[in-house]
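Just below is one structure, and these are the notes that go with it.
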Amino acid sequence: MWKPPSLRYCYDTYIRDLSIVFLLLLPLTICNAISIFVGHALNISDFPELAKKFFYFSDLLIGIYPSVLCIVTTYYLSSKHSINPMVVVPYAFLMYLSVSLTNGLVADSTGLPNNPLVALVTAIISASCCVSFRLYPLDPSRIDFVKDLYKQVAHFFGFLLLTVALSGLTTSFLEVMDLVRADIDFNPLTVGGGLAYQFILGLLGAIGINGHNFLFGVKQSLYESTQANIAAFHAGEAPLNILGQGFYDAFMQIGGSGNSLSLLLCILLFSKERRHITLALSALPLVMFNINELLLFGLPVIFNPTLIVPFVLVPLVSFVIVYGAMWSGLVNPVEAIVHWMTPPFFSGYVATQNSMSGVFLQIVVVTVGILVYRPFYLHYAGRSVIDSKAMLHQQELEKTTLKSFLGDVHRSMGSYISKHEVSRRVSQMLSKGEFVMYYQPQVHLNNENHLAFESLVRYKDEKGNMLPPVFIQDFNELGAMNQLDHMVIDLVMADMNKMPIASGCKIGINVCVETISRQGFVEYVAERLDHYVLPASALEIEVTEEAILEDHNQVRRNIDALQALGVKVAIDDFGSGYASFAHLLKFNFDKVKLDRSLLIDAKEERGQNLYQLLAKISDVTGCALVAEGVETEQETAFVKSCGIDICQGYFFSKPLPLEDAVDWAKERAERLESTETAA
């Protein structure tokens, strides 16, 4: 019975992905903050013309941020689901531009679309559409090119209709929002309106949206009203209001939105996580100027359901404390509008008419903020420790078989950096050097006419050095195994025309679970066989036991369709950890390849009994059996005594480059011919 995914699963699978996307854009965000800081510093130093250039650069960064957010989100989501991003990005950007321009969601200064929420939504919708219909880049060399072309045209037209509908829905939504803003009191000059104003700013900040931009009209009105009140106060015409622009800038944004200085100090005081402490120390210089993006995206607070609560709550608590202190007369009301980048404590002194009471009040606000953040942060940090330990344990397990393991991108910021390195390595491999195929013979102990090879992919760097296949894990981590499998299929089939196919030689190609379970895989294999003019009987597709455990209907259909073409299908590495006779009997495999780990265990009596039992699989299923990893004469004799005729391993031959594999086959044929002649 189908069960809906848990909230924890949805967070781990999707929400955390969005925080990673925001993390990718962190350099742009920090550069914008630094540009503003430098611009103000130059203004104070009486370099107004130079300051204008930095402010222009800041406006430009703010202008391109939503567009970049749309592109990066689309790229990330499509890569995650193994769809070529170059197919999906144009869809997303078209929808983003259409919705933004239709509804006037553009910046006055640059004319660029400027709504991050629209960018995020259109990216998610576009990626979902393309993932659901599994679009792939058009390949003119394929025989079904015209069919794929018209299929994509139909899909694109449907997508245009969806874009028109979304533009209309956005228009209606904006009209409703205007009515809501008109009906709800967001007036920050009143206590109720001020709390609502802070609450909305906190919620928007928690999903990566600059609330001050969203409530620009409210902020502009607040600034003008505050200036007018201060002028009237100095003229003796009106009392000084407690609530004003300076009130919010000096006491509600200590260290940045969410009173982030409290969170930073909470981490430094209570954290045992080295990564969190390093992050807090790195963010400290920026937080002291109320720039909190590094902390906001690096921890992250963005899309973090645990830390969103105190992030929204602390400014509300601070509002009550500060308003109460000023209303009771303990602290002077704010007389000056301090710039938002004025460092904490100094801003409190300046804002409250050069009074130390303002500094003490800020200290109280920060201290209370630390206490509010503490239980939420420790809960989050505890989960992080568990996740980190699990990740380290997984790394240790996989290092025993694959030393290049780099971790799971969803577990932490550190693993995200690792994935970036993986992506960089794969990109370099695809642009430099070349992938080549090696072939390891499968020897029939009782039939000299039998000729078969398993193909194994290798990488040759620019210097000609041959690298082991540890790079396969990189492709797997990037979700690009399907692309690697397609590339290997092309390389092998190009090589097969140079091998003695006419003599009955068969070549095995390994494919991953993702590939064998895809719709269109059989059509792709058939088209490639036609392209290279190869008989289907010369090809064997090898899948791992993991594919069997999927027990997916599409896997069964693909296996049956491949066999209907004449392609043999083998199960590879049987017994390596997923062995299941029940599952094996559900699939009509032509060949079963017993993993070398079983042969290693056969050094003892119990292992020998197990191997002999597995050797009887052919009696039940009718499959041919291959003993993998045969490296000694003793192992050969044992395998033969179990009734297994076909062996593969270093005792017979190591994996060979194409030329050597062809020579190996020729020498074997010549040796067989000379034996027959002598007989």
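Here's how to read the names in the structure tokens: chain A, B, ... by the order shown, residue numbers from 1 in each chain, ligand numbers from 1 in the order shown.
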
10 Å contact set for Ile291 in chain A, only C-alpha atoms, chain neighbours under 3 positions out, as a list in words: Thr29, Ile30, Ala33, Ile34, Phe37, Gln253, Ile254, Gly255, Gly256, Ser257, Ser260, Leu261, Ala283, Leu284, Pro285, Leu286, Val287, Met288, Leu294, Leu295, Leu296, Trp340 and Met341 of chain A

Give me a file of those residues, with N, CA and C atoms, as a compact mmCIF listing (two decimals), in the first residue's frame.
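In the end it all went to result_20.txt:
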```
# COMPACT_ATOMS: atom_id res chain seq x y z
N THR A 29 25.88 36.99 -3.28
CA THR A 29 25.21 37.72 -2.20
C THR A 29 26.22 38.48 -1.35
N ILE A 30 27.33 37.84 -1.01
CA ILE A 30 28.34 38.49 -0.18
C ILE A 30 29.01 39.64 -0.94
N ALA A 33 26.84 42.65 -0.66
CA ALA A 33 26.94 43.30 0.65
C ALA A 33 28.25 44.07 0.78
N ILE A 34 29.33 43.47 0.30
CA ILE A 34 30.63 44.15 0.38
C ILE A 34 30.64 45.40 -0.49
N PHE A 37 28.94 48.10 1.39
CA PHE A 37 29.81 48.56 2.47
C PHE A 37 30.92 49.47 1.94
N GLN A 253 17.76 44.44 13.98
CA GLN A 253 18.64 43.84 12.97
C GLN A 253 20.07 43.77 13.51
N ILE A 254 20.23 43.36 14.76
CA ILE A 254 21.56 43.31 15.36
C ILE A 254 22.34 42.12 14.78
N GLY A 255 23.27 42.42 13.91
CA GLY A 255 24.00 41.36 13.22
C GLY A 255 23.33 40.91 11.94
N GLY A 256 22.25 41.57 11.57
CA GLY A 256 21.50 41.21 10.37
C GLY A 256 20.13 40.68 10.75
N SER A 257 19.32 40.32 9.74
CA SER A 257 17.97 39.84 9.99
C SER A 257 17.98 38.65 10.95
N SER A 260 20.98 38.11 14.01
CA SER A 260 21.90 37.00 13.77
C SER A 260 23.11 37.00 14.69
N LEU A 261 23.43 38.14 15.30
CA LEU A 261 24.55 38.15 16.24
C LEU A 261 24.28 37.20 17.40
N ALA A 283 32.10 34.20 9.74
CA ALA A 283 31.01 35.15 9.52
C ALA A 283 31.09 36.35 10.44
N LEU A 284 31.86 36.25 11.54
CA LEU A 284 31.89 37.30 12.56
C LEU A 284 32.22 38.69 11.99
N PRO A 285 33.27 38.84 11.15
CA PRO A 285 33.57 40.18 10.63
C PRO A 285 32.40 40.78 9.83
N LEU A 286 31.68 39.94 9.10
CA LEU A 286 30.54 40.44 8.32
C LEU A 286 29.35 40.74 9.22
N VAL A 287 29.10 39.86 10.20
CA VAL A 287 27.96 40.07 11.09
C VAL A 287 28.12 41.35 11.90
N MET A 288 29.35 41.73 12.21
CA MET A 288 29.57 42.97 12.96
C MET A 288 29.17 44.20 12.14
N LEU A 294 26.51 34.93 5.02
CA LEU A 294 27.37 33.76 5.19
C LEU A 294 26.79 32.82 6.24
N LEU A 295 26.31 33.36 7.33
CA LEU A 295 25.71 32.54 8.38
C LEU A 295 24.36 32.00 7.94
N LEU A 296 23.59 32.85 7.26
CA LEU A 296 22.23 32.49 6.86
C LEU A 296 22.21 31.32 5.88
N TRP A 340 22.13 51.08 8.41
CA TRP A 340 21.94 49.67 8.77
C TRP A 340 23.26 48.91 8.90
N MET A 341 24.36 49.41 8.35
CA MET A 341 25.64 48.73 8.46
C MET A 341 26.46 49.21 9.66
```

Spatial neighbours of range 440-447 of chain A, max dist 7 Å, only C-alpha atoms, sep filter under 5 positions, as number ranges by chain: A: 452-455, 645-648, 653-656

Since we have the selection now, will you write its residues out, keeping C-alpha atoms, as an mmCIF file, in the first residue's frame?
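What landed in out-v4.cif:
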```cif
data_model
loop_
_atom_site.group_PDB
_atom_site.id
_atom_site.type_symbol
_atom_site.label_atom_id
_atom_site.label_comp_id
_atom_site.auth_asym_id
_atom_site.auth_seq_id
_atom_site.Cartn_x
_atom_site.Cartn_y
_atom_site.Cartn_z
ATOM 1 C CA ALA A 452 33.459 -13.796 -25.229
ATOM 2 C CA PHE A 453 34.717 -10.640 -23.542
ATOM 3 C CA GLU A 454 33.465 -8.332 -20.817
ATOM 4 C CA SER A 455 34.021 -4.671 -21.654
ATOM 5 C CA ASP A 645 32.666 -24.289 -17.465
ATOM 6 C CA ILE A 646 33.141 -20.560 -18.131
ATOM 7 C CA CYS A 647 35.772 -18.604 -16.184
ATOM 8 C CA GLN A 648 36.935 -15.014 -16.138
ATOM 9 C CA SER A 653 44.003 -12.864 -18.893
ATOM 10 C CA LYS A 654 43.901 -9.381 -17.431
ATOM 11 C CA PRO A 655 41.649 -6.764 -19.103
ATOM 12 C CA LEU A 656 43.188 -5.925 -22.486
#
```

Residues near Gln227 in chain A, cut-off 9 Å, only C-alpha atoms, skip fewer than 3 positions along chain, as a ChimeraX atom specification: /A:222-224,230-232,244-245,336-337

For range 108-111 of chain A: contacts at 9 Å, only C-alpha atoms, fewer than 3 positions along chain excluded, given as a PyMOL selection string: chain A and resi 59-60+63+114

Got time to write the residues from that selection, C-alpha atoms, as a PDB file, in the first residue's frame?
```
ATOM      1  CA  ASP A  59      22.395  47.318  -8.071  1.00  0.00           C
ATOM      2  CA  LEU A  60      23.614  45.131 -10.945  1.00  0.00           C
ATOM      3  CA  GLY A  63      19.315  42.804 -10.570  1.00  0.00           C
ATOM      4  CA  ASN A 114      13.571  41.026  -9.992  1.00  0.00           C
TER       5      ASN A 114
END
```

Alpha helix (DSSP H) per DSSP on the backbone: members of range 117-359 of chain A, as a PyMOL selection string: chain A and resi 117-133+145-183+191-206+211-214+216-234+245-251+260-270+274-287+293-298+305-327+346-351+356-359

Residues within 8 Å of Pro116 in chain A, only C-alpha atoms, excluding chain neighbours under 6 positions, as a list in words: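 After dropping sequence-adjacent residues, the list is Tyr65, Pro66, Ser67, Leu69, Cys70 and Ile209 of chain A.
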
Output file for the selection above: N, CA and C atoms, as a short mmCIF file (atom, residue, chain, number, x, y, z; two decimals), in the first residue's frame:
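Output file out_13.cif follows:
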```
data_model
loop_
_atom_site.label_atom_id
_atom_site.label_comp_id
_atom_site.auth_asym_id
_atom_site.auth_seq_id
_atom_site.Cartn_x
_atom_site.Cartn_y
_atom_site.Cartn_z
N TYR A 65 20.49 38.68 -9.65
CA TYR A 65 20.35 37.58 -8.68
C TYR A 65 19.15 36.68 -8.99
N PRO A 66 17.94 37.21 -9.20
CA PRO A 66 16.81 36.30 -9.47
C PRO A 66 17.00 35.47 -10.74
N SER A 67 17.56 36.08 -11.79
CA SER A 67 17.77 35.34 -13.04
C SER A 67 18.76 34.20 -12.83
N LEU A 69 19.38 32.81 -9.97
CA LEU A 69 18.70 31.84 -9.10
C LEU A 69 17.85 30.89 -9.92
N CYS A 70 17.13 31.40 -10.90
CA CYS A 70 16.30 30.57 -11.77
C CYS A 70 17.16 29.55 -12.52
N ILE A 209 14.27 35.45 0.76
CA ILE A 209 13.73 36.63 0.08
C ILE A 209 13.97 37.86 0.93
#
```

Two-atom distance - CA of Asn43 in chain A, CA of Ala250 in chain A (Å):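 A separation of 20.8 Å between them.
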
All residues 9 Å or closer to range 664-669 of chain A, only C-alpha atoms, same chain fewer than 6 positions away omitted, as a PyMOL selection string: chain A and resi 441+448-449+451+499-500+505+656

Shell of 9 Å around range 599-607 of chain A, only C-alpha atoms, local chain residues under 2 positions omitted, as a PyMOL selection string: chain A and resi 594-597+609-612+627-630+635+638-639

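Distances here use only C-alpha atoms; by that measure, the residue among A:Leu195, A:Ala480, A:Val662, A:Ser503 closest to Lys80 in chain A is A:Ala480.
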
Strand (DSSP E or B) residues, from DSSP on the backbone, in range 428-630 of chain A, as number ranges by chain: A: 434-444, 452-460, 466-467, 506-510, 539-544, 568-574, 591-594, 624-628

Go ahead and save the picked residues with N, CA and C atoms, as a tab-separated table (two decimals), in the first residue's frame.
```
chain	number	residue	atom	x	y	z
A	434	GLU	N	40.66	10.97	-22.81
A	434	GLU	CA	39.63	10.19	-23.51
A	434	GLU	C	39.27	8.94	-22.72
A	435	PHE	N	38.04	8.48	-22.92
A	435	PHE	CA	37.59	7.22	-22.35
A	435	PHE	C	37.87	6.11	-23.36
A	436	VAL	N	38.44	5.02	-22.89
A	436	VAL	CA	38.75	3.88	-23.76
A	436	VAL	C	38.21	2.61	-23.11
A	437	MET	N	38.03	1.59	-23.94
A	437	MET	CA	37.47	0.33	-23.45
A	437	MET	C	38.55	-0.74	-23.39
A	438	TYR	N	38.54	-1.50	-22.30
A	438	TYR	CA	39.38	-2.68	-22.15
A	438	TYR	C	38.45	-3.90	-22.17
A	439	TYR	N	39.02	-5.05	-22.51
A	439	TYR	CA	38.20	-6.26	-22.68
A	439	TYR	C	38.87	-7.44	-21.97
A	440	GLN	N	38.12	-8.09	-21.08
A	440	GLN	CA	38.65	-9.25	-20.37
A	440	GLN	C	37.97	-10.52	-20.90
A	441	PRO	N	38.76	-11.48	-21.36
A	441	PRO	CA	38.18	-12.69	-21.96
A	441	PRO	C	37.43	-13.54	-20.93
A	442	GLN	N	36.40	-14.23	-21.42
A	442	GLN	CA	35.71	-15.28	-20.67
A	442	GLN	C	36.05	-16.61	-21.35
A	443	VAL	N	36.72	-17.48	-20.62
A	443	VAL	CA	37.28	-18.71	-21.20
A	443	VAL	C	36.38	-19.91	-20.85
A	444	HIS	N	36.02	-20.68	-21.87
A	444	HIS	CA	35.26	-21.91	-21.67
A	444	HIS	C	36.24	-23.05	-21.50
A	452	ALA	N	34.26	-14.88	-25.80
A	452	ALA	CA	33.46	-13.80	-25.23
A	452	ALA	C	34.37	-12.89	-24.41
A	453	PHE	N	33.98	-11.63	-24.32
A	453	PHE	CA	34.72	-10.64	-23.54
A	453	PHE	C	33.73	-9.81	-22.71
A	454	GLU	N	34.20	-9.36	-21.56
A	454	GLU	CA	33.47	-8.33	-20.82
A	454	GLU	C	34.18	-7.01	-21.04
A	455	SER	N	33.43	-5.98	-21.41
A	455	SER	CA	34.02	-4.67	-21.65
A	455	SER	C	34.12	-3.89	-20.34
A	456	LEU	N	35.22	-3.19	-20.15
A	456	LEU	CA	35.47	-2.42	-18.93
A	456	LEU	C	35.99	-1.04	-19.33
A	457	VAL	N	35.37	0.01	-18.84
A	457	VAL	CA	35.74	1.36	-19.24
A	457	VAL	C	36.93	1.86	-18.42
A	458	ARG	N	37.83	2.55	-19.09
A	458	ARG	CA	39.01	3.16	-18.47
A	458	ARG	C	39.15	4.59	-18.99
A	459	TYR	N	39.97	5.36	-18.31
A	459	TYR	CA	40.19	6.76	-18.73
A	459	TYR	C	41.67	6.99	-18.94
A	460	LYS	N	42.01	7.60	-20.10
A	460	LYS	CA	43.39	7.93	-20.42
A	460	LYS	C	43.53	9.45	-20.36
A	466	MET	N	46.92	5.68	-17.98
A	466	MET	CA	45.64	4.99	-17.86
A	466	MET	C	45.21	4.97	-16.39
A	467	LEU	N	44.02	5.48	-16.12
A	467	LEU	CA	43.54	5.57	-14.74
A	467	LEU	C	42.54	4.46	-14.45
A	506	LYS	N	31.17	-12.72	-28.54
A	506	LYS	CA	30.15	-11.95	-27.84
A	506	LYS	C	30.84	-10.95	-26.89
A	507	ILE	N	30.25	-9.76	-26.79
A	507	ILE	CA	30.81	-8.71	-25.95
A	507	ILE	C	29.77	-8.30	-24.91
A	508	GLY	N	30.17	-8.31	-23.64
A	508	GLY	CA	29.28	-7.91	-22.56
A	508	GLY	C	29.50	-6.45	-22.18
A	509	ILE	N	28.41	-5.73	-21.95
A	509	ILE	CA	28.46	-4.33	-21.53
A	509	ILE	C	27.70	-4.19	-20.22
A	510	ASN	N	28.36	-3.62	-19.21
A	510	ASN	CA	27.71	-3.39	-17.92
A	510	ASN	C	26.85	-2.13	-17.98
A	539	LEU	N	25.83	-9.19	-28.71
A	539	LEU	CA	25.84	-8.28	-27.56
A	539	LEU	C	25.24	-8.95	-26.34
A	540	GLU	N	25.88	-8.71	-25.19
A	540	GLU	CA	25.33	-9.11	-23.89
A	540	GLU	C	25.23	-7.87	-23.01
A	541	ILE	N	24.10	-7.70	-22.36
A	541	ILE	CA	23.92	-6.61	-21.40
A	541	ILE	C	24.00	-7.21	-20.00
A	542	GLU	N	24.91	-6.68	-19.19
A	542	GLU	CA	25.09	-7.19	-17.84
A	542	GLU	C	24.54	-6.18	-16.84
A	543	VAL	N	23.68	-6.66	-15.93
A	543	VAL	CA	23.10	-5.81	-14.89
A	543	VAL	C	23.46	-6.40	-13.54
A	544	THR	N	23.51	-5.55	-12.52
A	544	THR	CA	23.88	-6.00	-11.18
A	544	THR	C	22.65	-6.51	-10.44
A	568	LYS	N	21.61	-11.02	-25.40
A	568	LYS	CA	21.66	-11.82	-24.17
A	568	LYS	C	21.73	-10.88	-22.96
A	569	VAL	N	21.12	-11.30	-21.85
A	569	VAL	CA	21.12	-10.49	-20.63
A	569	VAL	C	21.69	-11.33	-19.50
A	570	ALA	N	22.68	-10.78	-18.81
A	570	ALA	CA	23.35	-11.49	-17.72
A	570	ALA	C	23.19	-10.71	-16.42
A	571	ILE	N	23.19	-11.43	-15.31
A	571	ILE	CA	23.24	-10.79	-14.00
A	571	ILE	C	24.68	-10.84	-13.51
A	572	ASP	N	25.24	-9.67	-13.19
A	572	ASP	CA	26.65	-9.55	-12.85
A	572	ASP	C	26.83	-9.52	-11.33
A	573	ASP	N	28.00	-9.99	-10.88
A	573	ASP	CA	28.39	-9.92	-9.46
A	573	ASP	C	27.37	-10.60	-8.55
A	574	PHE	N	26.78	-11.68	-9.00
A	574	PHE	CA	25.78	-12.37	-8.19
A	574	PHE	C	26.44	-12.90	-6.92
A	591	LYS	N	22.45	-15.57	-18.40
A	591	LYS	CA	23.74	-15.90	-17.80
A	591	LYS	C	23.80	-15.33	-16.39
A	592	VAL	N	24.44	-16.05	-15.48
A	592	VAL	CA	24.67	-15.59	-14.11
A	592	VAL	C	26.18	-15.60	-13.86
A	593	LYS	N	26.71	-14.47	-13.42
A	593	LYS	CA	28.14	-14.36	-13.15
A	593	LYS	C	28.35	-14.30	-11.64
A	594	LEU	N	29.00	-15.33	-11.12
A	594	LEU	CA	29.21	-15.44	-9.68
A	594	LEU	C	30.37	-14.53	-9.26
A	624	ALA	N	23.42	-19.95	-18.16
A	624	ALA	CA	24.84	-20.29	-18.20
A	624	ALA	C	25.51	-19.63	-16.99
A	625	LEU	N	26.55	-20.27	-16.42
A	625	LEU	CA	27.25	-19.75	-15.26
A	625	LEU	C	28.66	-19.32	-15.64
A	626	VAL	N	29.10	-18.21	-15.04
A	626	VAL	CA	30.47	-17.72	-15.24
A	626	VAL	C	31.08	-17.51	-13.87
A	627	ALA	N	32.24	-18.04	-13.63
A	627	ALA	CA	32.97	-17.82	-12.38
A	627	ALA	C	33.88	-16.61	-12.57
A	628	GLU	N	33.59	-15.55	-11.84
A	628	GLU	CA	34.40	-14.34	-11.95
A	628	GLU	C	35.57	-14.38	-10.97
```

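With only C-alpha atoms as the atoms that count, the minimum distance from Gly358 in chain A to the choices A:Pro239, A:Pro333, A:Gly104, A:Pro343 is reached by A:Pro333.
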
Selected residue, from A:Asn259, A:Gln428, A:Val21, A:Lys586, that lies nearest to Tyr76 in chain A when counting only C-alpha atoms: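 Between A:Asn259, A:Gln428, A:Val21, A:Lys586, the residue approaching Tyr76 in chain A most closely is A:Val21.
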